[in-house]
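Enquirer: Pasting coords_32.pdb below, which is PDB, C-alpha atoms.
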ATOM      1  CA  MET G   3      98.848  36.305  46.930
ATOM      2  CA  THR G   4      96.602  37.811  49.556
ATOM      3  CA  ASP G   5      94.751  35.294  51.684
ATOM      4  CA  ASN G   6      91.592  34.432  49.750
ATOM      5  CA  ALA G   7      89.520  34.607  52.916
ATOM      6  CA  LEU G   8      90.394  38.300  53.261
ATOM      7  CA  ILE G   9      89.354  39.334  49.750
ATOM      8  CA  SER G  10      86.054  41.214  49.514
ATOM      9  CA  TRP G  11      83.865  41.725  46.475
ATOM     10  CA  SER G  12      81.516  44.284  45.033
ATOM     11  CA  VAL G  13      78.783  42.134  43.494
ATOM     12  CA  LEU G  14      76.979  43.704  40.536
ATOM     13  CA  ILE G  15      73.452  42.504  39.801
ATOM     14  CA  PRO G  16      71.761  43.865  36.665
ATOM     15  CA  VAL G  17      67.953  43.955  36.800
ATOM     16  CA  LYS G  18      65.885  44.620  33.705
ATOM     17  CA  VAL G  19      62.863  46.875  33.640
ATOM     18  CA  LEU G  20      60.279  44.467  35.040
ATOM     19  CA  SER G  21      57.822  44.834  32.176
ATOM     20  CA  GLU G  22      60.537  43.582  29.810
ATOM     21  CA  ALA G  23      61.957  40.819  31.993
ATOM     22  CA  LYS G  24      61.499  37.067  31.622
ATOM     23  CA  SER G  25      59.854  37.086  28.208
ATOM     24  CA  ARG G  26      60.242  33.305  27.897
ATOM     25  CA  LEU G  27      58.143  32.896  31.038
ATOM     26  CA  ALA G  28      55.235  34.859  29.601
ATOM     27  CA  GLY G  29      53.242  31.723  28.819
ATOM     28  CA  LEU G  30      53.567  30.543  32.421
ATOM     29  CA  ALA G  31      53.389  33.789  34.381
ATOM     30  CA  GLY G  32      51.171  35.901  32.127
ATOM     31  CA  PRO G  33      50.504  39.313  33.692
ATOM     32  CA  ARG G  34      52.505  38.272  36.777
ATOM     33  CA  ARG G  35      55.751  38.032  34.821
ATOM     34  CA  GLY G  36      57.135  41.238  36.336
ATOM     35  CA  GLU G  37      56.129  40.090  39.805
ATOM     36  CA  LEU G  38      58.007  36.837  39.281
ATOM     37  CA  ALA G  39      61.086  38.630  37.954
ATOM     38  CA  LEU G  40      61.147  40.879  41.010
ATOM     39  CA  ALA G  41      60.712  37.964  43.420
ATOM     40  CA  VAL G  42      63.631  36.133  41.797
ATOM     41  CA  ALA G  43      65.816  39.249  41.923
ATOM     42  CA  CYS G  44      64.949  39.792  45.586
ATOM     43  CA  ASP G  45      65.960  36.239  46.494
ATOM     44  CA  THR G  46      69.182  36.589  44.522
ATOM     45  CA  VAL G  47      70.104  39.856  46.221
ATOM     46  CA  THR G  48      69.207  38.460  49.651
ATOM     47  CA  ALA G  49      71.613  35.560  49.116
ATOM     48  CA  VAL G  50      74.367  37.988  48.095
ATOM     49  CA  LEU G  51      73.831  40.120  51.172
ATOM     50  CA  LYS G  52      74.193  37.034  53.368
ATOM     51  CA  THR G  53      77.517  36.048  51.768
ATOM     52  CA  ASP G  54      80.515  37.002  53.901
ATOM     53  CA  GLN G  55      82.828  37.667  50.958
ATOM     54  CA  ALA G  56      80.333  40.049  49.361
ATOM     55  CA  ALA G  57      81.069  43.474  50.794
ATOM     56  CA  ARG G  58      78.065  44.941  48.992
ATOM     57  CA  ALA G  59      75.371  44.198  46.430
ATOM     58  CA  ILE G  60      75.125  46.821  43.696
ATOM     59  CA  VAL G  61      71.954  46.633  41.638
ATOM     60  CA  ILE G  62      71.946  48.295  38.231
ATOM     61  CA  THR G  63      68.402  49.044  37.130
ATOM     62  CA  ASP G  64      66.115  51.672  35.658
ATOM     63  CA  ASP G  65      62.975  50.099  37.095
ATOM     64  CA  PRO G  66      61.640  52.213  40.000
ATOM     65  CA  VAL G  67      59.697  49.364  41.601
ATOM     66  CA  ALA G  68      62.685  47.029  41.524
ATOM     67  CA  ALA G  69      65.006  49.800  42.717
ATOM     68  CA  SER G  70      62.806  50.525  45.727
ATOM     69  CA  ALA G  71      62.344  46.870  46.703
ATOM     70  CA  LEU G  72      66.015  45.946  46.345
ATOM     71  CA  ARG G  73      67.229  49.076  48.110
ATOM     72  CA  GLU G  74      64.950  48.165  51.012
ATOM     73  CA  LEU G  75      66.687  44.789  51.239
ATOM     74  CA  GLY G  76      70.043  46.539  51.634
ATOM     75  CA  ALA G  77      71.367  46.726  48.086
ATOM     76  CA  GLN G  78      72.955  49.838  46.671
ATOM     77  CA  VAL G  79      71.102  50.851  43.516
ATOM     78  CA  ILE G  80      72.452  52.797  40.560
ATOM     79  CA  PRO G  81      70.712  53.651  37.270
ATOM     80  CA  ASP G  82      71.698  52.085  33.985
ATOM     81  CA  GLU G  83      73.129  55.252  32.522
ATOM     82  CA  PRO G  84      74.581  53.730  29.308
ATOM     83  CA  ARG G  85      71.263  52.067  28.398
ATOM     84  CA  ASP G  86      73.204  50.020  25.879
ATOM     85  CA  GLY G  87      72.603  46.453  26.991
ATOM     86  CA  LEU G  88      73.683  44.140  29.765
ATOM     87  CA  ASN G  89      77.455  44.292  29.396
ATOM     88  CA  ALA G  90      77.509  48.072  29.124
ATOM     89  CA  ALA G  91      75.421  48.291  32.296
ATOM     90  CA  LEU G  92      77.854  45.982  34.082
ATOM     91  CA  ARG G  93      80.890  47.962  32.933
ATOM     92  CA  HIS G  94      79.202  51.121  34.207
ATOM     93  CA  GLY G  95      78.580  49.525  37.596
ATOM     94  CA  ALA G  96      82.130  48.173  37.722
ATOM     95  CA  ALA G  97      83.599  51.613  37.024
ATOM     96  CA  ILE G  98      81.656  53.065  39.946
ATOM     97  CA  ALA G  99      82.677  50.190  42.221
ATOM     98  CA  ALA G 100      86.349  50.513  41.256
ATOM     99  CA  GLN G 101      86.278  54.223  41.985
ATOM    100  CA  ARG G 102      84.618  53.855  45.388
ATOM    101  CA  TRP G 103      86.142  50.569  46.566
ATOM    102  CA  PRO G 104      89.366  50.055  44.582
ATOM    103  CA  GLN G 105      90.680  47.482  47.039
ATOM    104  CA  ASP G 106      87.848  45.026  46.333
ATOM    105  CA  GLY G 107      87.266  42.602  43.495
ATOM    106  CA  THR G 108      84.305  43.010  41.169
ATOM    107  CA  ALA G 109      81.810  40.248  40.430
ATOM    108  CA  ALA G 110      78.908  40.270  37.979
ATOM    109  CA  LEU G 111      76.067  37.978  39.004
ATOM    110  CA  SER G 112      72.901  37.024  37.164
ATOM    111  CA  ALA G 113      69.768  38.402  38.802
ATOM    112  CA  ASP G 114      67.742  35.248  38.145
ATOM    113  CA  LEU G 115      69.124  32.755  40.663
ATOM    114  CA  PRO G 116      66.212  32.062  43.036
ATOM    115  CA  ALA G 117      67.799  28.877  44.424
ATOM    116  CA  LEU G 118      71.155  30.506  45.197
ATOM    117  CA  ARG G 119      72.610  29.771  48.629
ATOM    118  CA  PRO G 120      75.082  32.142  50.310
ATOM    119  CA  ALA G 121      77.468  29.232  50.906
ATOM    120  CA  GLU G 122      77.550  28.506  47.156
ATOM    121  CA  LEU G 123      78.416  32.079  46.276
ATOM    122  CA  ALA G 124      81.014  32.107  49.050
ATOM    123  CA  ARG G 125      82.697  29.015  47.576
ATOM    124  CA  ALA G 126      82.719  30.532  44.116
ATOM    125  CA  LEU G 127      84.117  33.889  45.237
ATOM    126  CA  SER G 128      86.815  32.165  47.290
ATOM    127  CA  ALA G 129      87.814  30.128  44.242
ATOM    128  CA  ALA G 130      87.681  33.192  41.978
ATOM    129  CA  ALA G 131      90.083  35.047  44.269
ATOM    130  CA  ARG G 132      92.909  32.822  42.983
ATOM    131  CA  TRP G 133      92.626  34.208  39.442
ATOM    132  CA  PRO G 134      92.661  37.604  37.722
ATOM    133  CA  ASN G 135      89.386  36.775  35.944
ATOM    134  CA  ALA G 136      87.088  33.806  36.488
ATOM    135  CA  PHE G 137      83.572  32.638  35.759
ATOM    136  CA  VAL G 138      80.952  30.007  36.552
ATOM    137  CA  ALA G 139      79.002  28.404  33.712
ATOM    138  CA  ASP G 140      75.250  28.005  33.924
ATOM    139  CA  ALA G 141      73.489  24.655  34.228
ATOM    140  CA  ALA G 142      72.828  24.513  30.488
ATOM    141  CA  GLY G 143      76.560  24.700  29.839
ATOM    142  CA  ASP G 144      76.702  27.537  27.319
ATOM    143  CA  GLY G 145      76.012  30.581  29.457
ATOM    144  CA  THR G 146      77.502  32.268  32.512
ATOM    145  CA  THR G 147      76.011  33.140  35.884
ATOM    146  CA  LEU G 148      79.076  34.663  37.588
ATOM    147  CA  TYR G 149      82.054  36.583  36.164
ATOM    148  CA  THR G 150      84.779  38.095  38.325
ATOM    149  CA  ALA G 151      87.749  40.418  38.087
ATOM    150  CA  ALA G 152      90.287  40.888  40.863
ATOM    151  CA  ALA G 153      91.030  44.378  42.129
ATOM    152  CA  GLY G 154      92.931  46.345  39.503
ATOM    153  CA  VAL G 155      92.264  43.783  36.762
ATOM    154  CA  PRO G 156      90.301  44.799  33.642
ATOM    155  CA  PHE G 157      86.620  43.935  33.914
ATOM    156  CA  ARG G 158      85.390  42.588  30.575
ATOM    157  CA  PRO G 159      82.003  40.890  30.933
ATOM    158  CA  ALA G 160      80.773  39.002  27.871
ATOM    159  CA  PHE G 161      77.281  37.924  28.888
ATOM    160  CA  GLY G 162      74.787  36.910  26.244
ATOM    161  CA  LEU G 163      74.752  34.166  23.626
ATOM    162  CA  ALA G 164      77.528  31.595  24.153
ATOM    163  CA  SER G 165      79.006  33.612  27.015
ATOM    164  CA  ARG G 166      80.811  30.609  28.456
ATOM    165  CA  ALA G 167      82.958  30.306  25.344
ATOM    166  CA  ARG G 168      83.454  34.063  25.071
ATOM    167  CA  HIS G 169      84.539  34.464  28.690
ATOM    168  CA  ALA G 170      86.995  31.590  28.271
ATOM    169  CA  ALA G 171      88.305  33.045  25.008
ATOM    170  CA  GLY G 172      88.880  36.327  26.835
ATOM    171  CA  GLY G 173      91.220  34.626  29.283
ATOM    172  CA  ALA G 174      88.894  34.087  32.243
ATOM    173  CA  ILE G 175      89.311  30.817  34.133
ATOM    174  CA  GLU G 176      86.258  28.593  34.370
ATOM    175  CA  LEU G 177      85.651  27.510  37.950
ATOM    176  CA  GLY G 178      84.748  23.854  37.702
ATOM    177  CA  LEU G 179      82.737  23.787  40.901
ATOM    178  CA  THR G 180      80.425  20.792  41.253
ATOM    179  CA  ASP G 181      78.697  21.739  44.496
ATOM    180  CA  VAL G 182      76.976  25.010  43.542
ATOM    181  CA  PRO G 183      73.737  23.962  41.801
ATOM    182  CA  GLY G 184      71.826  27.045  42.912
ATOM    183  CA  LEU G 185      74.521  29.328  41.519
ATOM    184  CA  ARG G 186      74.353  27.595  38.153
ATOM    185  CA  ARG G 187      70.557  27.394  37.908
ATOM    186  CA  ASP G 188      69.459  30.628  36.288
ATOM    187  CA  VAL G 189      65.781  30.823  35.404
ATOM    188  CA  ASP G 190      64.693  31.816  31.908
ATOM    189  CA  THR G 191      62.115  29.154  31.036
ATOM    190  CA  PRO G 192      59.408  27.122  32.809
ATOM    191  CA  ALA G 193      61.747  24.126  32.757
ATOM    192  CA  ASP G 194      64.420  26.225  34.470
ATOM    193  CA  LEU G 195      61.922  27.251  37.126
ATOM    194  CA  ARG G 196      60.950  23.651  37.773
ATOM    195  CA  GLY G 197      64.623  22.787  38.104
ATOM    196  CA  ALA G 198      65.077  25.584  40.636
ATOM    197  CA  VAL G 199      62.058  24.342  42.584
ATOM    198  CA  GLU G 200      63.787  20.977  42.986
ATOM    199  CA  LEU G 201      66.820  22.736  44.500
ATOM    200  CA  GLY G 202      64.705  24.837  46.864
ATOM    201  CA  LEU G 203      63.599  28.382  46.121
ATOM    202  CA  GLY G 204      64.101  31.527  48.143
ATOM    203  CA  PRO G 205      61.195  32.839  50.244
ATOM    204  CA  ARG G 206      60.001  35.460  47.756
ATOM    205  CA  THR G 207      59.936  33.169  44.739
ATOM    206  CA  ALA G 208      58.708  29.944  46.346
ATOM    207  CA  PRO G 209      55.017  30.750  46.945
ATOM    208  CA  LEU G 210      54.586  32.528  43.620
ATOM    209  CA  ALA G 211      56.296  29.763  41.642
ATOM    210  CA  THR G 212      54.197  27.130  43.394
ATOM    211  CA  GLU G 213      51.018  28.964  42.440
ATOM    212  CA  LEU G 214      52.051  29.554  38.841
ATOM    213  CA  LEU G 215      53.221  25.995  38.262
ATOM    214  CA  ARG G 216      50.119  24.519  39.895
ATOM    215  CA  CYS G 217      47.877  26.547  37.593
ATOM    216  CA  ALA G 218      49.979  26.060  34.454
ATOM    217  CA  PRO G 219      48.361  24.333  31.489
ATOM    218  CA  ARG G 220      49.682  20.852  30.781
ATOM    219  CA  GLY G 221      52.987  20.962  28.925
ATOM    220  CA  ARG G 222      53.995  24.402  30.151
TER     221      ARG G 222
END
Would you put the structure from the file into structure tokens?

Expert:
Amino acid sequence: MTDNALISWSVLIPVKVLSEAKSRLAGLAGPRRGELALAVACDTVTAVLKTDQAARAIVITDDPVAASALRELGAQVIPDEPRDGLNAALRHGAAIAAQRWPQDGTAALSADLPALRPAELARALSAAARWPNAFVADAAGDGTTLYTAAAGVPFRPAFGLASRARHAAGGAIELGLTDVPGLRRDVDTPADLRGAVELGLGPRTAPLATELLRCAPRGR
């Protein structure tokens, strides 16, 4: 097989319309929920762009504010033309990536990883390069934060409820990495955000999360 160090990846990052994002953080963030979602996405994309194995970050979004901010960071932005949910958006992005950069692998990455470190993503992509399809489970153990397909291999993302089991059932290899806590810590709830704080947040999310958590009512 080709030397893993030489394999490059198109990394797809789906970003919801900000007004609809992070509904389970509404009690904590209130009217700043969209602001928090954008900050988290910006830190995730920044980590991708600093990862050597990631040839490009491709954001799939219909939100104009998110598109502008993430394009300014250096991401390539495409609209969610299918408008048929997360996996359809990812397949759309993967088809474009395969057409433009057929020599590269394709990776789908959650947009809500504010504690992600480039070195963690680099380790995961290097490990994924050994397999046709691979994935990384989230910290909760039932979801997925990263799914990959090697160049020329069918790209069949199965994000959503119980995605860990569905990716495994589809033949993808689970990467049992123990040293990538930021890659596994997606943020959907206040408890998730507190867990990410303990790992160390990116520069866009950190000040906002500190403010929101400091002002949060007891128990939230």

Enquirer: Name the residues that the PyMOL selection byres ((chain G and resi 164) around 6) pulls out of this structure, and write them as a PyMOL selection string.

Expert: chain G and resi 144-145+163+165-167

Enquirer: Can you give me, as an MDAnalysis selection string, the residues this file yields under the PyMOL selection byres ((chain G and resi 211) around 9)?

Expert: chainID G and resid 31 38 195:196 199 203 207:210 212:216

Enquirer: To verify the selection step, state as a VMD selection string which residues the PyMOL selection byres ((chain G and resi 183) around 12) yields on this input.

Expert: chain G and resid 115 to 123 125 to 126 138 to 142 147 178 to 182 184 to 188 197 to 203

Enquirer: Report as JSON, numbers by chain all protein, DNA and RNA residues lying within 8 Å of Pro81 (chain G), evaluated on all atoms listed in the file, omitting residues in the same chain fewer than 4 positions from it.

Expert: {"G": [62, 63, 64]}

Enquirer: So that I can check the surroundings of region 69-76 of chain G, please list as an NGL selection string every protein, DNA and RNA residue that reaches within 8 Å of it, counting all atoms listed in the file and ignoring chain neighbours fewer than 2 positions away.

Expert: :G and (44 or 47-48 or 51 or 59 or 61 or 63-67 or 78-79)

Enquirer: Please, what distance in Å, to one decimal, runs between CA of Leu127 (chain G) and CA of Ala109 (chain G)?

Expert: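 Interatomic distance here is 8.3 Å.
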
Enquirer: I'd like to know which of G:Ala90, G:Ile9, G:Ala77, G:Ala136 is closest to His169 (chain G), using all atoms listed in the file.

Expert: G:Ala136

Enquirer: CA of Gln55 (chain G) and CA of Ala100 (chain G), how far apart in Å?

Expert: 16.5 Å

Enquirer: Determine, counting only C-alpha atoms, which protein, DNA and RNA residues have an atom within 10 Å of an atom of Lys18 (chain G); residues of the same chain fewer than 3 positions away are not included. Present the result as a PyMOL selection string.

Expert: chain G and resi 15+21-24+36+39-40+43+62-65+68+82+87-88+113

Enquirer: Fewer than 5 positions away in the same chain doesn't count, so skip those; otherwise give me all residues within 8 Å of Pro134 (chain G), counting all atoms listed in the file, as an NGL selection string.

Expert: :G and (150-152 or 155 or 174)
